[in-house]
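Colleague: If it helps, the file is called my_file.txt and holds compact mmCIF, C-alpha atoms:
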```txt
# COMPACT_ATOMS: atom_id res chain seq x y z
CA MET M 161 119.27 120.28 140.29
CA ASP M 162 121.13 120.06 137.00
CA ASN M 163 118.64 120.04 134.10
CA GLY M 164 121.21 118.51 131.78
CA LYS M 165 121.33 115.31 133.82
CA VAL M 166 117.53 115.01 133.95
CA PHE M 167 117.28 115.36 130.19
CA LYS M 168 119.99 112.74 129.70
CA TYR M 169 118.11 110.16 131.80
CA LEU M 170 114.77 110.88 130.13
CA THR M 171 116.14 110.40 126.64
CA GLN M 172 117.68 107.07 127.62
CA ASP M 173 114.36 105.80 129.00
CA ILE M 174 112.31 106.59 125.91
CA ALA M 175 114.83 105.48 123.28
CA MET M 176 113.22 103.32 120.60
CA ARG M 177 114.65 99.99 119.58
CA LEU M 178 115.25 99.97 115.85
CA ARG M 179 114.78 96.83 113.76
CA LYS M 180 115.89 95.90 110.29
CA ILE M 181 113.04 95.37 107.86
CA THR M 182 114.44 91.97 106.97
CA ASP M 183 114.01 90.94 110.64
CA VAL M 184 110.29 91.77 110.47
CA ILE M 185 109.53 89.81 107.28
CA GLY M 186 107.91 86.51 108.25
CA LEU M 187 106.74 87.58 111.71
CA ARG M 188 103.25 86.51 112.77
CA VAL M 189 100.69 89.32 113.04
CA TYR M 190 97.97 89.48 115.70
CA THR M 191 95.30 92.08 116.47
CA ASP M 192 95.26 93.87 119.79
CA LEU M 193 92.28 91.64 120.65
CA GLY M 194 94.49 88.55 120.34
CA ASP M 195 93.18 87.24 117.00
CA TYR M 196 95.68 85.80 114.53
CA PHE M 197 95.78 88.02 111.45
CA GLY M 198 98.54 86.66 109.22
CA GLU M 199 102.23 86.98 108.46
CA VAL M 200 104.35 89.95 107.33
CA GLU M 201 105.21 89.45 103.69
CA GLU M 202 106.72 92.75 102.59
CA ALA M 203 107.43 96.33 103.66
CA ASN M 204 106.09 99.26 101.62
CA LEU M 205 108.34 102.30 101.38
CA PHE M 206 107.32 105.75 100.17
CA GLU M 207 109.90 108.51 99.71
CA ASN M 208 112.46 106.43 101.59
CA LYS M 209 110.19 106.07 104.66
CA LEU M 210 108.23 103.10 105.92
CA ASP M 211 104.62 103.49 104.81
CA GLY M 212 102.96 100.13 105.50
CA TRP M 213 103.18 96.37 105.61
CA ARG M 214 101.81 93.75 103.24
CA ILE M 215 100.32 90.99 105.35
CA ARG M 216 99.51 87.51 104.00
CA VAL M 217 96.17 86.90 105.66
CA GLY M 218 95.41 83.68 107.50
CA GLY M 219 93.00 82.37 110.09
CA SER M 220 89.46 83.63 110.48
CA VAL M 221 90.27 87.06 109.03
CA ALA M 222 90.41 85.65 105.49
CA SER M 223 86.61 85.49 105.38
CA LEU M 224 86.38 89.22 106.17
CA ILE M 225 88.38 90.36 103.18
CA GLY M 226 86.51 88.47 100.51
CA GLY M 227 89.04 86.03 99.13
CA ALA M 228 92.05 88.33 98.89
CA ARG M 229 95.31 86.66 99.87
CA GLY M 230 96.75 89.72 101.55
CA VAL M 231 96.16 93.27 102.71
CA ILE M 232 98.26 96.38 103.17
CA ILE M 233 98.24 97.73 106.72
CA PRO M 234 99.52 101.32 107.16
CA HIS M 235 102.40 101.49 109.63
CA GLN M 236 100.43 103.80 111.95
CA PHE M 237 98.17 100.83 112.83
CA VAL M 238 101.14 98.85 114.20
CA LYS M 239 101.05 98.98 118.00
CA ALA M 240 104.05 96.79 118.85
CA MET M 241 106.77 94.79 117.16
CA SER M 242 109.03 92.21 118.78
CA ASP M 243 108.76 88.44 118.29
CA ILE M 244 105.29 89.11 116.85
CA VAL M 245 103.57 92.17 115.39
CA ILE M 246 100.47 93.59 117.05
CA ILE M 247 98.14 95.76 114.97
CA ASN M 248 95.19 97.87 115.98
CA SER M 249 91.93 95.99 115.44
CA SER M 250 90.45 99.09 113.78
CA ALA M 251 92.72 98.27 110.80
CA LEU M 252 90.52 95.26 110.07
CA PRO M 253 87.60 95.59 107.70
CA SER M 254 84.31 95.36 109.53
CA PRO M 255 82.10 92.39 108.69
CA ALA M 256 79.76 93.25 105.85
CA GLU M 257 76.22 93.86 106.91
CA PRO M 258 73.60 91.93 104.96
CA GLU M 259 72.12 93.91 102.13
CA PHE M 260 68.38 94.07 101.80
CA GLU M 261 66.53 94.63 98.58
CA GLU M 262 63.76 97.14 98.49
CA ILE M 263 60.46 95.67 97.45
CA SER M 264 58.35 97.88 95.26
CA GLU M 265 54.83 98.61 96.36
CA ASP M 266 53.47 96.85 93.25
CA LEU M 267 54.57 93.51 94.61
CA MET M 268 52.91 94.02 98.00
```
Could I get this structure in the form of structure tokens?
Modeller:
Amino acid sequence: MDNGKVFKYLTQDIAMRLRKITDVIGLRVYTDLGDYFGEVEEANLFENKLDGWRIRVGGSVASLIGGARGVIIPHQFVKAMSDIVIINSSALPSPAEPEFEEISEDLM
């Protein structure tokens, strides 16, 4: 068996499809749980490498982020990108737990 041929076929199978950043702007963003998250607004570059995405938030997620119009999602949370963008749901802020005040013993 020629190892050169095996390597050639393996590299063809795992080749990544590259996209232009301008093609990604405007795509709808969903979580891996299927919830609509928003729309890609801008790409963030750091030292000439893609660092993250600015997402204009929409849908039910807007209530989780406290009135902000957008969030920055690091690129490592992007799971897939084609006609839509799928992000890991762990990138979302968790719903705030209700805060309880401590009652001093004098009031009891």
Colleague: Around (94.5, 96.6, 120.6) in the file's frame, which residues reach within 12 Å when counting all atoms listed in the file? Return as an mmCIF file with C-alpha atoms, in the frame of the given file?
Modeller:
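Resulting contents of point_35.cif:
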```
data_model
loop_
_atom_site.group_PDB
_atom_site.id
_atom_site.type_symbol
_atom_site.label_atom_id
_atom_site.label_comp_id
_atom_site.auth_asym_id
_atom_site.auth_seq_id
_atom_site.Cartn_x
_atom_site.Cartn_y
_atom_site.Cartn_z
ATOM 1 C CA TYR M 190 97.970 89.480 115.700
ATOM 2 C CA THR M 191 95.300 92.080 116.470
ATOM 3 C CA ASP M 192 95.260 93.870 119.790
ATOM 4 C CA LEU M 193 92.280 91.640 120.650
ATOM 5 C CA GLY M 194 94.490 88.550 120.340
ATOM 6 C CA ASP M 195 93.180 87.240 117.000
ATOM 7 C CA PHE M 237 98.170 100.830 112.830
ATOM 8 C CA VAL M 238 101.140 98.850 114.200
ATOM 9 C CA LYS M 239 101.050 98.980 118.000
ATOM 10 C CA ALA M 240 104.050 96.790 118.850
ATOM 11 C CA VAL M 245 103.570 92.170 115.390
ATOM 12 C CA ILE M 246 100.470 93.590 117.050
ATOM 13 C CA ILE M 247 98.140 95.760 114.970
ATOM 14 C CA ASN M 248 95.190 97.870 115.980
ATOM 15 C CA SER M 249 91.930 95.990 115.440
ATOM 16 C CA SER M 250 90.450 99.090 113.780
ATOM 17 C CA ALA M 251 92.720 98.270 110.800
ATOM 18 C CA LEU M 252 90.520 95.260 110.070
#
```
Colleague: What's around M:Leu205 at 12 Å? Count all atoms listed in the file, leave out sequence neighbours fewer than 5 positions away in its own chain, and write the answer as a PDB file with C-alpha atoms, in the coordinates of the input.
Modeller:
```
ATOM      1  CA  ILE M 181     113.040  95.370 107.860  1.00  0.00           C
ATOM      2  CA  LEU M 210     108.230 103.100 105.920  1.00  0.00           C
ATOM      3  CA  ASP M 211     104.620 103.490 104.810  1.00  0.00           C
ATOM      4  CA  GLY M 212     102.960 100.130 105.500  1.00  0.00           C
ATOM      5  CA  TRP M 213     103.180  96.370 105.610  1.00  0.00           C
ATOM      6  CA  ARG M 214     101.810  93.750 103.240  1.00  0.00           C
ATOM      7  CA  ILE M 232      98.260  96.380 103.170  1.00  0.00           C
ATOM      8  CA  PRO M 234      99.520 101.320 107.160  1.00  0.00           C
ATOM      9  CA  HIS M 235     102.400 101.490 109.630  1.00  0.00           C
TER      10      HIS M 235
END
```
Colleague: Which one is closest to M:Arg229: M:Val217, M:Ile185, M:Ile244, M:Leu178? Count all atoms listed in the file.
Modeller: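 Going through M:Val217, M:Ile185, M:Ile244, M:Leu178 one by one, the smallest distance to M:Arg229 is for M:Val217.
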Colleague: So how far away is atom CA of M:Asn204 from atom CA of M:Ala222, in Å?
Modeller: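 Here the two named atoms are 21.1 Å from each other.
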Colleague: Can you work out which one of M:Met241, M:Ala228, M:Val221, M:Leu187 has the shortest atom-to-atom distance to M:Glu201, counting only C-alpha atoms?
Modeller: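 Among the listed residues, M:Leu187 lies closest to M:Glu201.
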Colleague: Have a look at atom CA of M:Leu224 and atom CA of M:Lys209 and let me know their distance in Å, one decimal.
Modeller: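 Calculated distance between atom CA of M:Leu224 and atom CA of M:Lys209 is 29.2 Å.
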Colleague: Between atom CA of M:Gly218 and atom CA of M:Val200, what is the spacing in Å?
Modeller: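 Interatomic distance, atom CA of M:Val200 to atom CA of M:Gly218: 10.9 Å.
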